[in-house]
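For reference, model15.cif (mmCIF, C-alpha atoms):
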```
data_protein
#
loop_
_atom_site.label_atom_id
_atom_site.label_comp_id
_atom_site.auth_asym_id
_atom_site.auth_seq_id
_atom_site.Cartn_x
_atom_site.Cartn_y
_atom_site.Cartn_z
CA MET A 1 191.46 271.44 62.26
CA ARG A 2 191.93 268.89 64.98
CA ASN A 3 190.47 266.20 62.73
CA THR A 4 192.80 267.19 59.90
CA LEU A 5 195.81 266.98 62.18
CA PHE A 6 194.55 263.65 63.42
CA CYS A 7 194.32 262.34 59.84
CA PHE A 8 197.87 263.46 59.06
CA LEU A 9 199.14 261.64 62.11
CA PHE A 10 197.42 258.50 60.89
CA ILE A 11 198.76 258.91 57.36
CA GLY A 12 202.26 259.19 58.76
CA ASN A 13 201.80 255.88 60.50
CA PHE A 14 200.15 254.11 57.59
CA ALA A 15 201.76 255.35 54.42
CA MET A 16 205.12 253.59 54.58
CA SER A 17 203.80 250.29 55.82
CA GLN A 18 204.73 247.11 53.98
CA ILE A 19 202.50 244.10 53.58
CA THR A 20 203.53 241.56 56.19
CA ALA A 21 200.09 240.48 57.37
CA PHE A 22 199.74 237.68 54.81
CA LYS A 23 201.70 235.96 52.11
CA SER A 24 201.20 233.65 49.19
CA GLY A 25 200.01 230.26 50.37
CA GLU A 26 197.75 231.48 53.12
CA GLN A 27 194.43 229.66 53.22
CA LEU A 28 191.65 230.44 55.64
CA THR A 29 188.58 228.24 55.99
CA TYR A 30 185.35 229.35 57.59
CA SER A 31 182.09 227.76 58.53
CA THR A 32 178.97 229.75 57.88
CA SER A 33 176.07 229.21 60.21
CA TYR A 34 172.55 230.44 60.38
CA GLN A 35 170.95 231.12 63.72
CA ILE A 36 167.29 230.93 64.48
CA SER A 37 165.66 230.37 67.85
CA GLY A 38 169.04 230.51 69.55
CA LEU A 39 170.55 227.57 67.67
CA TYR A 40 173.14 227.61 64.91
CA THR A 41 172.97 225.45 61.80
CA ASN A 42 176.05 225.07 59.63
CA ILE A 43 175.17 225.72 56.02
CA ALA A 44 178.28 226.55 54.03
CA GLU A 45 182.05 226.67 53.89
CA ILE A 46 184.00 229.76 52.87
CA ASN A 47 187.60 229.66 51.75
CA LEU A 48 189.91 232.63 51.43
CA SER A 49 193.26 232.06 49.79
CA VAL A 50 196.27 234.04 48.64
CA PHE A 51 198.48 232.88 45.82
CA SER A 52 200.97 234.39 43.42
CA THR A 53 200.03 234.39 39.80
CA PHE A 54 202.37 235.13 36.95
CA THR A 55 201.33 237.68 34.33
CA LYS A 56 203.22 239.62 31.69
CA LYS A 57 203.13 242.46 34.18
CA GLY A 58 204.99 240.32 36.70
CA ASN A 59 203.94 238.35 39.74
CA MET A 60 200.63 239.47 41.09
CA LEU A 61 198.60 238.43 44.10
CA LYS A 62 195.56 236.32 43.47
CA LEU A 63 193.11 236.87 46.31
CA LYS A 64 190.33 234.34 46.08
CA GLY A 65 187.17 233.77 48.06
CA THR A 66 184.80 230.87 47.48
CA ALA A 67 181.58 229.90 49.22
CA LYS A 68 179.99 226.46 48.93
CA THR A 69 177.03 225.04 50.76
CA PHE A 70 177.61 221.78 52.61
CA SER A 71 176.59 218.75 50.60
CA ASN A 72 173.53 217.98 52.73
CA PHE A 73 172.32 221.52 52.23
CA ASP A 74 172.89 221.58 48.45
CA SER A 75 169.54 219.98 47.66
CA PHE A 76 167.81 222.63 49.76
CA PHE A 77 169.63 225.78 48.56
CA LYS A 78 172.84 225.40 46.60
CA ILE A 79 175.45 228.16 46.77
CA ARG A 80 178.58 228.30 44.62
CA ASP A 81 180.12 231.75 44.85
CA LEU A 82 183.48 232.91 43.58
CA TYR A 83 185.12 236.24 44.36
CA GLU A 84 188.57 236.71 42.92
CA SER A 85 190.82 239.71 42.79
CA VAL A 86 194.18 239.93 41.04
CA ALA A 87 196.02 242.71 42.82
CA ASP A 88 199.36 244.46 42.79
CA PRO A 89 201.43 242.97 45.62
CA ASP A 90 202.95 246.36 46.48
CA ASN A 91 199.81 248.36 47.09
CA LEU A 92 196.93 245.87 46.80
CA ASN A 93 195.34 247.92 44.04
CA PRO A 94 193.11 245.50 42.15
CA LEU A 95 193.86 244.90 38.46
CA THR A 96 190.93 242.62 37.79
CA PHE A 97 188.02 241.40 39.85
CA THR A 98 185.67 238.51 39.19
CA ARG A 99 182.42 237.87 40.97
CA ASP A 100 180.54 234.76 39.89
CA ILE A 101 177.65 233.88 42.13
CA GLU A 102 175.19 231.03 41.97
CA GLU A 103 172.72 231.06 44.83
CA GLY A 104 169.75 228.79 44.36
CA PRO A 105 168.04 229.86 41.13
CA TYR A 106 169.87 233.20 41.10
CA SER A 107 173.15 233.65 39.26
CA LYS A 108 175.23 236.45 37.81
CA THR A 109 178.82 237.15 36.82
CA PHE A 110 180.88 240.32 36.92
CA LEU A 111 184.34 240.80 35.50
CA TYR A 112 186.10 244.12 35.99
CA SER A 113 189.42 245.50 34.93
CA PHE A 114 190.66 248.52 36.84
CA ASN A 115 192.38 251.51 35.29
CA HIS A 116 193.53 253.47 38.31
CA ASN A 117 195.22 256.24 36.34
CA ALA A 118 192.13 256.94 34.27
CA LYS A 119 189.99 256.27 37.38
CA ILE A 120 187.75 253.90 35.47
CA ALA A 121 186.76 250.30 35.99
CA SER A 122 185.50 248.50 32.92
CA GLY A 123 182.88 245.94 33.79
CA LYS A 124 181.17 243.10 32.02
CA GLU A 125 178.07 241.68 33.62
CA THR A 126 176.48 238.41 32.58
CA ARG A 127 173.05 237.63 33.90
CA LYS A 128 170.55 235.16 32.50
CA GLY A 129 172.71 234.71 29.42
CA LYS A 130 172.75 238.43 28.63
CA ASN A 131 175.92 240.49 28.61
CA ARG A 132 176.21 244.12 29.60
CA ASN A 133 179.37 246.21 29.32
CA TYR A 134 179.86 249.44 31.20
CA ASN A 135 182.42 251.77 32.73
CA VAL A 136 182.35 252.94 36.31
CA SER A 137 184.21 255.99 37.57
CA ILE A 138 186.37 255.02 40.52
CA PRO A 139 188.08 257.19 43.12
CA VAL A 140 191.74 256.92 44.12
CA GLY A 141 192.31 253.88 46.28
CA CYS A 142 189.18 252.10 45.11
CA HIS A 143 189.01 248.41 45.95
CA ASP A 144 186.87 245.46 45.10
CA MET A 145 185.14 243.33 47.70
CA ILE A 146 188.07 240.99 48.24
CA SER A 147 191.04 243.34 47.96
CA ALA A 148 189.28 245.67 50.45
CA LEU A 149 189.38 242.93 53.07
CA TYR A 150 193.08 242.27 52.51
CA TYR A 151 193.81 245.99 52.43
CA VAL A 152 192.35 246.33 55.93
CA ARG A 153 194.55 243.45 57.04
CA ALA A 154 197.61 245.08 55.52
CA ILE A 155 197.35 248.47 57.20
CA ASN A 156 198.36 249.26 60.74
CA LEU A 157 195.26 249.00 62.91
CA SER A 158 197.01 249.42 66.23
CA VAL A 159 196.85 253.21 66.05
CA LEU A 160 193.06 253.25 65.89
CA LYS A 161 191.05 254.47 68.85
CA PRO A 162 187.52 253.31 69.61
CA GLY A 163 185.12 255.51 67.70
CA ASN A 164 187.43 255.92 64.69
CA LYS A 165 186.05 255.01 61.28
CA LEU A 166 187.95 253.51 58.40
CA ILE A 167 186.39 254.69 55.16
CA LEU A 168 186.76 252.44 52.14
CA LYS A 169 185.64 252.96 48.57
CA VAL A 170 184.51 249.60 47.27
CA LEU A 171 183.23 248.70 43.83
CA ILE A 172 180.15 246.55 44.38
CA ASP A 173 178.27 245.41 41.30
CA ASP A 174 178.07 248.46 39.05
CA SER A 175 178.70 251.28 41.52
CA VAL A 176 181.23 252.44 44.08
CA LYS A 177 179.97 252.21 47.64
CA THR A 178 181.42 253.97 50.66
CA VAL A 179 181.95 251.33 53.29
CA SER A 180 182.57 252.47 56.82
CA LEU A 181 184.35 250.27 59.35
CA ASN A 182 183.60 251.64 62.79
CA TYR A 183 186.23 250.60 65.30
CA ASN A 184 184.67 249.44 68.55
CA GLY A 185 187.81 248.58 70.49
CA LYS A 186 189.31 245.23 71.35
CA GLU A 187 187.61 242.04 72.47
CA THR A 188 189.03 238.65 73.36
CA LEU A 189 187.51 235.78 71.40
CA SER A 190 187.90 232.06 71.70
CA THR A 191 189.00 230.96 68.22
CA VAL A 192 190.44 227.95 66.46
CA LEU A 193 193.80 229.67 66.92
CA GLY A 194 193.24 229.88 70.66
CA SER A 195 192.09 232.78 72.78
CA LYS A 196 192.83 235.92 70.75
CA SER A 197 192.61 239.61 71.40
CA CYS A 198 190.74 241.06 68.42
CA TYR A 199 189.95 244.37 66.79
CA LYS A 200 186.20 244.70 66.58
CA PHE A 201 184.62 246.63 63.72
CA SER A 202 181.04 247.20 62.73
CA ALA A 203 180.74 247.59 58.98
CA SER A 204 178.14 249.82 57.46
CA TYR A 205 177.27 251.63 54.26
CA PRO A 206 174.92 254.54 53.64
CA GLY A 207 171.49 253.19 54.42
CA GLY A 208 172.46 249.89 55.99
CA THR A 209 174.83 247.70 57.96
CA PHE A 210 176.84 244.65 56.95
CA GLY A 211 177.49 243.37 60.46
CA THR A 212 180.40 243.00 62.84
CA ILE A 213 183.85 241.66 62.06
CA TRP A 214 186.70 240.71 64.36
CA PHE A 215 190.37 240.75 63.24
CA THR A 216 193.07 239.27 65.42
CA ALA A 217 195.04 242.04 67.10
CA ASP A 218 198.40 240.76 65.88
CA ASN A 219 200.49 241.15 62.76
CA ALA A 220 198.36 238.75 60.68
CA LYS A 221 195.07 240.50 61.48
CA ILE A 222 193.10 237.42 60.52
CA PRO A 223 189.35 237.90 60.31
CA VAL A 224 188.24 235.25 62.80
CA SER A 225 184.55 235.94 63.11
CA ILE A 226 181.81 237.83 61.32
CA GLU A 227 178.26 238.28 62.50
CA ALA A 228 175.48 239.75 60.42
CA LYS A 229 171.80 240.25 60.97
CA ILE A 230 169.66 238.85 58.20
CA PRO A 231 165.93 239.29 57.63
CA VAL A 232 165.09 236.22 59.72
CA GLY A 233 167.65 235.29 62.33
CA LYS A 234 171.38 235.90 62.32
CA GLY A 235 174.32 234.70 60.26
CA ARG A 236 177.74 233.91 61.63
CA ILE A 237 181.03 233.12 59.88
CA THR A 238 183.67 231.48 62.03
CA LEU A 239 187.26 230.60 61.23
CA THR A 240 187.74 226.83 61.38
CA ARG A 241 191.18 226.36 59.83
CA ALA A 242 194.17 228.51 58.99
CA VAL A 243 197.10 227.37 56.87
CA GLY A 244 200.19 229.31 55.84
CA ILE A 245 199.72 232.22 58.22
CA MET B 1 139.88 207.00 77.28
CA LYS B 2 142.66 204.46 77.59
CA THR B 3 142.85 204.18 73.76
CA VAL B 4 143.12 207.96 73.39
CA LYS B 5 146.03 208.14 75.85
CA ILE B 6 147.95 205.37 74.12
CA THR B 7 147.31 206.96 70.71
CA LEU B 8 148.71 210.28 71.95
CA GLN B 9 151.79 208.54 73.32
CA ILE B 10 152.38 206.84 69.99
CA MET B 11 151.83 210.14 68.17
CA ALA B 12 154.41 211.78 70.39
CA ILE B 13 156.94 209.09 69.51
CA ILE B 14 156.20 209.30 65.77
CA ILE B 15 156.47 213.09 65.67
CA ALA B 16 159.69 213.05 67.67
CA VAL B 17 161.25 210.44 65.37
CA LEU B 18 160.07 212.38 62.32
CA ALA B 19 161.73 215.50 63.68
CA ILE B 20 165.02 213.66 64.11
CA VAL B 21 164.83 212.24 60.57
CA LEU B 22 164.11 215.70 59.14
CA THR B 23 167.07 217.10 61.01
CA PHE B 24 169.30 214.51 59.37
CA LEU B 25 167.85 215.06 55.90
CA LEU B 26 168.07 218.84 55.92
CA ASN B 27 171.17 219.10 58.09
CA SER B 28 169.21 221.69 59.96
CA ASN B 29 167.90 222.31 63.44
CA LEU B 30 164.83 223.98 62.11
CA PRO B 31 162.43 221.00 61.85
CA ILE B 32 163.28 219.68 65.25
CA ILE B 33 162.87 223.05 66.88
CA ILE B 34 159.35 223.40 65.57
CA VAL B 35 158.25 219.81 65.96
CA GLY B 36 160.23 219.29 69.15
CA VAL B 37 158.39 222.13 70.85
CA ALA B 38 155.09 220.68 69.68
CA VAL B 39 156.04 217.27 70.98
CA ILE B 40 157.11 218.61 74.37
CA LEU B 41 153.87 220.52 74.69
CA LEU B 42 151.88 217.50 73.62
CA GLY B 43 153.81 215.27 75.96
CA ALA B 44 153.60 217.65 78.90
CA ASN B 45 149.90 218.05 78.41
CA TYR B 46 149.40 214.33 78.29
CA PHE B 47 151.89 212.92 80.79
CA ILE B 48 150.56 214.87 83.75
CA LYS B 49 147.43 212.76 83.54
CA LYS B 50 147.09 209.33 85.05
CA GLN B 51 148.83 206.76 82.87
CA THR B 52 147.52 203.36 81.95
CA ASN B 53 150.51 201.95 80.09
CA PRO B 54 153.77 202.51 82.05
CA ASN B 55 156.02 200.84 79.47
CA LEU B 56 154.79 202.97 76.60
CA LEU B 57 155.04 206.00 78.88
CA ASN B 58 158.72 205.29 79.54
CA VAL B 59 159.43 204.92 75.84
CA SER B 60 157.57 208.15 75.10
CA ILE B 61 159.54 210.07 77.71
CA VAL B 62 162.87 208.77 76.40
CA VAL B 63 162.06 209.61 72.77
CA VAL B 64 160.61 213.03 73.54
CA VAL B 65 163.52 214.00 75.78
CA PHE B 66 165.96 212.78 73.14
CA SER B 67 164.20 214.82 70.47
CA ALA B 68 164.52 217.87 72.71
CA VAL B 69 168.26 217.51 73.30
CA PHE B 70 169.08 216.25 69.80
CA PRO B 71 169.52 219.72 68.23
CA PHE B 72 172.28 220.41 70.71
CA ILE B 73 174.04 217.10 70.06
CA TYR B 74 173.57 217.03 66.31
CA PRO B 75 175.99 219.85 65.36
CA LEU B 76 178.68 217.99 67.26
CA ILE B 77 178.15 214.73 65.39
CA SER B 78 177.02 215.99 61.99
CA MET B 79 179.43 215.83 59.10
CA SER B 80 179.80 219.27 57.56
CA GLU B 81 181.49 218.53 54.28
CA VAL B 82 181.40 220.11 50.87
CA ASP B 83 181.27 218.16 47.64
CA ASP B 84 184.23 218.17 45.31
CA ASP B 85 182.27 220.04 42.66
CA ARG B 86 184.14 219.57 39.39
CA GLU B 87 181.93 222.00 37.49
CA PHE B 88 182.61 224.72 40.04
CA ASN B 89 186.33 223.97 40.09
CA GLN B 90 186.41 224.17 36.31
CA LYS B 91 184.62 227.51 36.42
CA ILE B 92 187.19 228.85 38.90
CA ILE B 93 190.07 227.81 36.64
CA GLN B 94 188.41 229.49 33.64
CA HIS B 95 187.92 232.73 35.56
CA GLU B 96 191.51 232.69 36.74
CA GLN B 97 192.70 232.33 33.16
CA LYS B 98 190.38 235.14 31.99
CA SER B 99 191.84 237.51 34.59
CA VAL B 100 195.42 236.72 33.61
CA ASP B 101 194.53 237.03 29.91
CA LEU B 102 192.99 240.43 30.54
CA ILE B 103 196.14 241.68 32.24
CA ASN B 104 198.38 240.19 29.57
CA GLN B 105 196.29 241.77 26.81
CA SER B 106 196.86 245.19 28.31
CA VAL B 107 200.61 244.59 28.28
CA ASP B 108 200.45 243.38 24.67
CA THR B 109 198.45 246.45 23.71
CA VAL B 110 201.15 248.70 25.10
CA ALA B 111 203.85 246.76 23.29
CA ALA B 112 201.91 247.02 20.03
CA GLU B 113 201.41 250.73 20.40
CA GLY B 114 205.03 251.20 21.32
CA ASN B 115 204.06 253.82 23.79
CA SER B 116 203.42 253.07 27.40
CA LYS B 117 202.74 256.62 28.47
CA ASN B 118 199.44 256.67 30.29
CA THR B 119 198.36 253.43 28.68
CA GLY B 120 198.56 249.71 29.10
CA THR B 121 200.47 248.41 32.06
CA GLU B 122 200.84 251.83 33.59
CA LYS B 123 197.12 252.18 33.32
CA MET B 124 196.60 248.90 35.04
CA VAL B 125 198.84 249.52 38.01
CA ALA B 126 198.90 252.91 39.55
CA PRO B 127 200.72 253.50 42.80
CA ALA B 128 198.26 254.19 45.52
CA SER B 129 200.55 256.53 47.35
CA ALA B 130 203.53 258.71 46.59
CA GLU B 131 205.80 255.97 47.93
CA GLY B 132 204.19 253.37 45.68
CA GLY B 133 203.15 251.28 48.66
CA LEU B 134 199.89 250.95 50.49
CA ALA B 135 197.61 253.93 50.34
CA ALA B 136 196.98 255.69 53.61
CA PRO B 137 193.47 254.88 54.75
CA THR B 138 190.83 257.53 55.24
CA ILE B 139 190.12 257.88 58.92
CA GLN B 140 187.32 259.81 60.52
#
```
Since I need it in another form, could you write the structure as structure tokens?
Amino acid sequence: MRNTLFCFLFIGNFAMSQITAFKSGEQLTYSTSYQISGLYTNIAEINLSVFSTFTKKGNMLKLKGTAKTFSNFDSFFKIRDLYESVADPDNLNPLTFTRDIEEGPYSKTFLYSFNHNAKIASGKETRKGKNRNYNVSIPVGCHDMISALYYVRAINLSVLKPGNKLILKVLIDDSVKTVSLNYNGKETLSTVLGSKSCYKFSASYPGGTFGTIWFTADNAKIPVSIEAKIPVGKGRITLTRAVGI
Amino acid sequence: MKTVKITLQIMAIIIAVLAIVLTFLLNSNLPIIIVGVAVILLGANYFIKKQTNPNLLNVSIVVVVFSAVFPFIYPLISMSEVDDDREFNQKIIQHEQKSVDLINQSVDTVAAEGNSKNTGTEKMVAPASAEGGLAAPTIQ
């Protein structure tokens, strides 16, 4: 009962919020580093951008994420990843989502279109030249990997208390995963934007963890740092440039 | 004995230089960490003994110490740049167009059917909350 009441209080704070955290033209650049033996090596650059795109439906938000290995690292292990979501600017519900990844010898492409009323996402997967079409049942409020990130930025995080969990339903590949963002309180980080108080979350899913992510504790809620454990060593993504915030 | 000591000093220099070159080539600290540790161990094991060639010893110490601190300096001086990959850029543009086409097709389908009830654009964009704005998040 107490939990239910708690949820209603949160809903009251969240439901009427408008998206002011980001706008068209915002571009965030990150450096991805790999840590082993206590030292970090820069391996790739990640870009997140927000633009308006005109469709017959009207102006939509194009939320794009790209990852590219640095030129010196290309010959060793080349990465060219694209994640792009076209979302409704009012509620950030994704209309389409593209995931095209090329990581060394491995590559695959997904293209989804979301039908939120019918609660179905239609997907087309291309891997090794073979196409596969399928439908995935999606719950209300389902996001893709990119729109989920911007959705978290759009909502009011200031009402969270340490120990709270944000539960997201995210379509990853051909199934919907429940992603849990566990709020760990605030931490002050030294960032390219200066010293910033940040919301700290540890992201997990049933059976595993993604890592830790820090959002600035201001209106923009910019993800400034991400740390993730990988099989050998540790990966870190750090904001290096922010334009249009 | 004298020949052995000089050979080890030269080996230390060669390995240290090789480690630095590998660091440049791979843009990585990994080679120098592995080889640098080996060089330091080799050097430490050797330099504590009586030396017969002071000049070569000095050079060895400088190179080995430099190889040890290089991983810490290198990230500061290395150029972390990405290539302007035309093929990748072209692919991005194609995907963007596909997404827009997909949305437009749904609108065209509705227009062709002359009935937008529960189809087409209304299918594509459903309000996430009663107010039509952001959905309230699930909190536990």
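Contact shell of Leu48 of chain A at 6 Å (only C-alpha atoms; same-chain neighbours under 2 positions omitted): Gln27, Leu28, Lys64 and Gly65 of chain A.
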Can you spit out the residues from that selection as a PDB file, in the coordinates of the input, using C-alpha atoms?
```pdb
ATOM      1  CA  GLN A  27     194.430 229.660  53.220  1.00  0.00           C
ATOM      2  CA  LEU A  28     191.650 230.440  55.640  1.00  0.00           C
ATOM      3  CA  LYS A  64     190.330 234.340  46.080  1.00  0.00           C
ATOM      4  CA  GLY A  65     187.170 233.770  48.060  1.00  0.00           C
TER       5      GLY A  65
END
```
- request: List the residues selected by the PyMOL selection byres ((chain B and resi 98) around 12) in the file shown, writing them as a ChimeraX atom specification.
  value: /A:55,84-86,96-98,110-113 /B:91-97,99-105
Among A:Lys23, A:Lys130, A:Arg236, A:Lys169, chain B is approached most closely, using all atoms listed in the file, by A:Lys169
ask   = Do you know which residues the PyMOL selection byres ((chain A and resi 89) around 6) returns on this file, as a list in words?
value = Met60, Leu61, Asp88, Asp90, Asn91 and Leu92 of chain A
- prompt: Could you pull the residues within 7 Å of Thr32 of chain A, counting only C-alpha atoms, minus those fewer than 2 positions along the same chain, as a ChimeraX atom specification?
  reply: /A:30,34,42-45,236-238
Put those residues in a file: C-alpha atoms, as a PDB file, keeping the file's coordinate frame.
```pdb
ATOM      1  CA  TYR A  30     185.350 229.350  57.590  1.00  0.00           C
ATOM      2  CA  TYR A  34     172.550 230.440  60.380  1.00  0.00           C
ATOM      3  CA  ASN A  42     176.050 225.070  59.630  1.00  0.00           C
ATOM      4  CA  ILE A  43     175.170 225.720  56.020  1.00  0.00           C
ATOM      5  CA  ALA A  44     178.280 226.550  54.030  1.00  0.00           C
ATOM      6  CA  GLU A  45     182.050 226.670  53.890  1.00  0.00           C
ATOM      7  CA  ARG A 236     177.740 233.910  61.630  1.00  0.00           C
ATOM      8  CA  ILE A 237     181.030 233.120  59.880  1.00  0.00           C
ATOM      9  CA  THR A 238     183.670 231.480  62.030  1.00  0.00           C
TER      10      THR A 238
END
```
For this file, the PyMOL selection byres ((chain A and resi 200) around 7) selects which residues, as an mmCIF file with C-alpha atoms, keeping the file's coordinate frame?
```
data_model
loop_
_atom_site.group_PDB
_atom_site.id
_atom_site.type_symbol
_atom_site.label_atom_id
_atom_site.label_comp_id
_atom_site.auth_asym_id
_atom_site.auth_seq_id
_atom_site.Cartn_x
_atom_site.Cartn_y
_atom_site.Cartn_z
ATOM 1 C CA TYR A 183 186.230 250.600 65.300
ATOM 2 C CA ASN A 184 184.670 249.440 68.550
ATOM 3 C CA GLY A 185 187.810 248.580 70.490
ATOM 4 C CA LYS A 186 189.310 245.230 71.350
ATOM 5 C CA GLU A 187 187.610 242.040 72.470
ATOM 6 C CA CYS A 198 190.740 241.060 68.420
ATOM 7 C CA TYR A 199 189.950 244.370 66.790
ATOM 8 C CA PHE A 201 184.620 246.630 63.720
ATOM 9 C CA SER A 202 181.040 247.200 62.730
ATOM 10 C CA ILE A 213 183.850 241.660 62.060
ATOM 11 C CA TRP A 214 186.700 240.710 64.360
ATOM 12 C CA PHE A 215 190.370 240.750 63.240
#
```
What's the separation between atom CA of Asp173 of chain A and atom CA of Ala135 of chain B, in Å to one decimal place?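 Atom CA of Ala135 of chain B lies 23.0 Å from atom CA of Asp173 of chain A.
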Task: Separation of atom CA of Gln90 of chain B from atom CA of Cys142 of chain A in Å - done: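 That distance, rounded to one decimal, is 29.4 Å.
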One residue among A:Asn59, A:Thr66, A:Asn72, A:Thr188 is nearest to chain B when using all atoms listed in the file, and that residue is A:Asn72
Counting all atoms listed in the file, closest pick from B:Gln140, B:Met11, B:Gly133, B:Thr109 relative to Val59 of chain B is B:Met11
